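Undergrad: The following block contains the structure, expressed as structure tokens.
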Number of protein chains: 2
Amino acid sequence: MSPKRHATATDVARLAGVSQSAVSRAFTPGASIAEETRLRVAEAARQLGYRPNAIARSLTTRRSRIIGVAASYLQNHFYPDVLEALSRGLQARGYQMLLFMPDAGRHADPQLQEVLAWRVDALILASTTLSSELADQCQAAGIPVLLFNRTSRAPSVSSVTGENLRGGRLIAEFLVTGGHRRLGFLAGIENSSTSRDRERGFCGWLEEHGHRPPLREVGLYRFDEASAAARRLLARPDRPDAIFCGNDHMATAVAEVARHEFGLRIPRDLSLVGFDDTGPARWPSFSLTSFSQPVQPMVDATVALVCEMIENPAAPTRHEVVRGELVVRGSARMPTEGCVSLAEQLVWRPAVVDAAG
Amino acid sequence: MSPKRHATATDVARLAGVSQSAVSRAFTPGASIAEETRLRVAEAARQLGYRPNAIARSLTTRRSRIIGVAASYLQNHFYPDVLEALSRGLQARGYQMLLFMPDAGRHADPQLQEVLAWRVDALILASTTLSSELADQCQAAGIPVLLFNRTSRAPSVSSVTGENLRGGRLIAEFLVTGGHRRLGFLAGIENSSTSRDRERGFCGWLEEHGHRPPLREVGLYRFDEASAAARRLLARPDRPDAIFCGNDHMATAVAEVARHEFGLRIPRDLSLVGFDDTGPARWPSFSLTSFSQPVQPMVDATVALVCEMIENPAAPTRHEVVRGELVVRGSARMPTEGCVSLAEQLVWRPAVVDAAG
DNA sequence: TTGAAAGCGGTACCAT
DNA sequence: ATGGTACCGCTTTCAA
């Protein structure tokens with residue numbers, strides 16, 4: 001069969017014996033229309049399988065009710081979780097989600113342009129790789145931009161992040177109190193705000209308390225890079241006795257290398273702490289101690305903020321920081337005698353398969 | 001600053017001193033326009049920051065160049081991988097991707113309608129939960145529908161799947177040849193074609209070769225359900241010595257339960273085989289033997305097929321089956337003396353952290 | 001090659 | 001409450 005043309009409002013109007021305007025009203029909640037007319041239209045629409053054309057509607061209303069979402073590297077389980085929550089959140093508010101995955105580097109630009117061509121009502125950038133100049137440009141072009149799990153150097157772009165700084169500090173304190181003395185830090189993407197803040201928190205606390213800076217490697221937030229970095233770190237004569245990994249995804253890579261290539265036991269020979277508290281890191285096999293970035297609250301904040309920005313474009317920039325906590329599992333040696341203030345900030349989660357879902 | 005209006009083709013035309021039609025042509029590859037005019041328009045467009053409005057374009061051309069993609073349950077690492085590849089594949093062909101995650105059950109309908117309102121050029125359903133009647137309806141409404149990793153009962157809807165039947169059979173042969181005698185099968189979603197086919201292959205081979213049917217549990221393709229199913233299965237007095245799990249995601253759940261709750265060693269006390277060959281299942285900790293569903297080939301086939309369906313709506317239904325192979329790692333006891341035909345179908349992959357990426 | 005003009009399928013304002 | 005009508009921003013004939 002040929003691609004049969006969709007029924008239009010005019011078709012419905014003809015069948016229902018009303019004007020095309022009436023059809024439009026019948027599908028506009030709160031429009032002034034007689035109940036009887038509405039029913040007649042509804043019936044005609046049903047017969048014809050009519051659905052208002054969102055494209056035509058958007059052309060006149062100048063609001064697409066589409067939100068562009070940029071993501072990259074879904075291997076890190078944090079992002080699929082975010083995507084799922086985001087999809088439901090936006091859907092619930094009547095928005096559609098146009099997903100795109102920018103290529104690394106400058107090639108992202110044409111892709112972004114394609115998305116902008118759809119006159120998206122807003123842009124959510126959950127991609128570490130997309131340059132922040134791009135964000136600024138969009139912002140300047142008058143479209144609301146929201147950075148997710150990152151910030152821009154220019155503080156003019158709104159953002160939703162976790163407590164990167166506090167997380168980094170707390171982990172430093174936790175590890176030092178736990179008796180570790182040769183610390184390591186595995187950075188993510190070096191010029192990402194997220195990795196920088198976590199590192200600043202971690203090293204800041206160490207410095208303030210008179211400890212040596214940690215050994216340092218870069219894992220680019222990727223599994224394979226993190227594995228390679230772990231090999232370098234663990235092969236050193238002064239191998240660290242604890243590593244703070246920039247996220248859980250890298251931490252699992254380090255755990256794999258440590259156990260299966262170096263024969264190390266965790267946490268006996270090596271303590272590991274991650275960031276995010278997502279995915280396989282919660283499974284008993286890894287039982288990773290990790291500073292959490294709670295997906296649902298972060299997404300809720302994002303959806304609320306983005307809707308606000310759309311409704312009030314003049315609203316001031318906001319930087320939401322969603323509270324996290326240090327979730328203590330089994331991958332890092334515990335402080336035996338903790339200071340109280342530290343203990344109060346920890347959450348103890350024994351490994352249970354059920355909780356892994 | 002107020003949400004400044006985007007420049008339109010008319011604005012550009014005025015500045016360039018040409019007609020609005022000329023502007024349109026300047027942005028239409030292959031349109032008949034003088035090179036000099038094109039340049040003048042390009043310059044004016046640049047000055048004004050003009051980008052053709054995709055919404056207006058779609059309204060007249062009646063092609064949106066948007067493809068609706070339904071996914072559900074991104075916890076299973078297979079799907080994020082698919083999404084990433086799909087995004088790049090569609091992008092490369094000039095399509096945008098409108099992603100939605102149908103709620104389980106009937107509530108999916110209004111969401112689908114929203115997507116259809118955008119007059120998507122095609123629909124890719126990679127969601128196990130979306131009912132196949134919905135697929136039929138869309139198909140009947142004249143929009144190309146492609147089922148990914150599933151089929152519909154009515155064979156009129158095109159699909160791309162892995163070798164579910166052959167995979168199931170091969171795994172049965174592999175396990176029996178490996179000396180296992182008390183087999184278990186962990187089903188996914190019971191009325192999904194994928195789970196049914198894998199089970200049919202598995203049980204079919206067993207029956208044909210005079211073996212008892214396996215013990216059976218249902219894991220709904222979910223981590224927590226699979227964990228619960230594993231507990232039931234492993235607590236039995238006649239506990240299976242090998243379990244074929246409907247996918248890798250469930251297999252990792254079973255491995256966790258088996259090791260950490262039942263103290264079983266894999267594969268000494270229990271052999272495990274999965275399906276998909278993705279994600280954490282490839283990590284040394286799991287080193288899962290699994291029948292592969294190669295993401296890139298499956299996505300390539302999907303993109304090619306969907307484009308074909310768009311260009312030629314009259315094209316006949318097609319059911320692409322992408323070849324997979326039994327990837328042998330360490331989670332299942334190997335046949336000591338294999339029959340040659342079986343051995344030829346196996347691929348041996350020792351656990352290496354590098355390969356896990 | 002170019003410009004004028006007729007839609008595409010709606011929304012919203014205007015009288016009635 | 002209803003119908004008529006002027007757009008929304010573009011593509012695509014049709015003449016010139």
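In the structure tokens, chains take the letters A, B, ... in the order shown, each chain's residues start at 1, and ligands count up from 1 in the order shown.
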Using only C-alpha atoms (C1' of nucleotides) and a distance of at most 6 Å, pull out the residues of chain D that contact chain B, as a count of residues only.

TA: 3

Undergrad: Distance limit 8 Å, atoms considered: only C-alpha atoms (C1' of nucleotides). Which chain C residues sit that close to chain B? Return them as a PyMOL selection string.

TA: chain C and resi 1-3+8-9

Undergrad: Excluding same-chain residues fewer than 6 positions from region 136-138 of chain B, what lies within 9 Å of it counting only C-alpha atoms (C1' of nucleotides), as a PyMOL selection string?

TA: chain B and resi 116+123+144-145+152+154+156-157

Undergrad: Fewer than 6 positions away in the same chain doesn't count, so skip those; otherwise give me all residues within 7 Å of Val41 (chain A), counting only C-alpha atoms (C1' of nucleotides), as a PyMOL selection string.

TA: chain A and resi 12+16+23+26

Undergrad: Residues of chain A within 7 Å of chain B, counting only C-alpha atoms, what are they? List them as an mmCIF file with C-alpha atoms, in the first residue's frame.

TA:
```cif
data_model
loop_
_atom_site.group_PDB
_atom_site.id
_atom_site.type_symbol
_atom_site.label_atom_id
_atom_site.label_comp_id
_atom_site.auth_asym_id
_atom_site.auth_seq_id
_atom_site.Cartn_x
_atom_site.Cartn_y
_atom_site.Cartn_z
ATOM 1 C CA MET A 1 0.000 0.000 0.000
ATOM 2 C CA SER A 2 1.177 3.524 -0.710
ATOM 3 C CA PRO A 3 2.210 5.723 2.207
ATOM 4 C CA LYS A 4 -1.278 7.017 2.758
ATOM 5 C CA ARG A 51 -3.596 13.156 15.164
ATOM 6 C CA PRO A 52 -2.574 16.816 15.211
ATOM 7 C CA ASN A 53 0.662 17.328 13.331
ATOM 8 C CA ALA A 54 3.295 18.391 15.840
ATOM 9 C CA ILE A 55 5.439 19.867 13.100
ATOM 10 C CA ALA A 56 2.749 22.250 11.914
ATOM 11 C CA LEU A 59 5.769 26.120 13.294
ATOM 12 C CA LEU A 74 27.288 5.214 27.374
ATOM 13 C CA PRO A 80 22.260 5.076 30.636
ATOM 14 C CA ASP A 81 20.676 5.469 34.059
ATOM 15 C CA GLU A 84 16.357 6.546 31.269
ATOM 16 C CA SER A 87 13.455 10.371 29.211
ATOM 17 C CA ARG A 88 10.697 9.637 31.680
ATOM 18 C CA MET A 97 13.964 14.075 23.636
ATOM 19 C CA LEU A 98 16.197 14.430 20.614
ATOM 20 C CA LEU A 99 19.282 12.428 21.481
ATOM 21 C CA PHE A 100 22.624 12.919 19.845
ATOM 22 C CA MET A 101 26.088 11.657 20.585
ATOM 23 C CA ALA A 117 17.777 23.401 13.240
ATOM 24 C CA TRP A 118 14.893 21.727 15.028
ATOM 25 C CA GLY A 142 19.170 32.573 22.993
ATOM 26 C CA PHE A 223 37.579 1.475 30.844
ATOM 27 C CA ASP A 224 40.553 0.636 28.679
ATOM 28 C CA GLU A 256 39.905 -6.104 37.405
ATOM 29 C CA VAL A 257 43.521 -5.333 36.679
ATOM 30 C CA HIS A 260 43.472 -10.620 37.730
ATOM 31 C CA PRO A 284 29.067 -7.976 45.433
ATOM 32 C CA SER A 285 32.041 -8.743 43.214
ATOM 33 C CA PRO A 313 14.358 32.776 29.665
ATOM 34 C CA ALA A 314 15.348 35.801 31.690
ATOM 35 C CA VAL A 353 22.827 -8.912 45.463
ATOM 36 C CA ASP A 354 19.325 -7.540 45.682
ATOM 37 C CA GLY A 357 19.369 -3.915 40.459
#
```

Undergrad: How far is it from C1' of DA16 (chain D) to CA of Arg40 (chain B), in Å with one decimal?

TA: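 Separating C1' of DA16 (chain D) from CA of Arg40 (chain B) is a distance of 22.6 Å.
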
Undergrad: Work out how far CA of Ser193 (chain A) is from CA of Val321 (chain A), in Å to one decimal.

TA: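 Separation between CA of Val321 (chain A) and CA of Ser193 (chain A): 13.3 Å.
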
Undergrad: A:Arg38, A:Ala122, A:Arg14, A:Glu163: which is nearest DA1 (chain D), counting only C-alpha atoms (C1' of nucleotides)?

TA: A:Arg38

Undergrad: Measuring between only C-alpha atoms, which one of A:Leu206, A:Leu264, A:Ala126, A:Val295 shows the shortest distance to Thr177 (chain A)?

TA: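 Of A:Leu206, A:Leu264, A:Ala126, A:Val295, the one nearest Thr177 (chain A), counting only C-alpha atoms, is A:Leu206.
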
Undergrad: In region 179-353 of chain A, what's strand (DSSP E) per DSSP? Answer as an MDAnalysis selection string?

TA: chainID A and resid 183:187 215:218 242:245 271:276 289:292 319:322 326:328 346:348

Undergrad: Identify, on the basis of only C-alpha atoms (C1' of nucleotides), every residue whose closest approach to DT16 (chain C) does not exceed 12 Å; exclude the query and any residue fewer than 4 positions from it along the same chain; express the result as a list in words.

TA: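 The filter keeps DA1, DT2, DG3 and DG4 of chain D.
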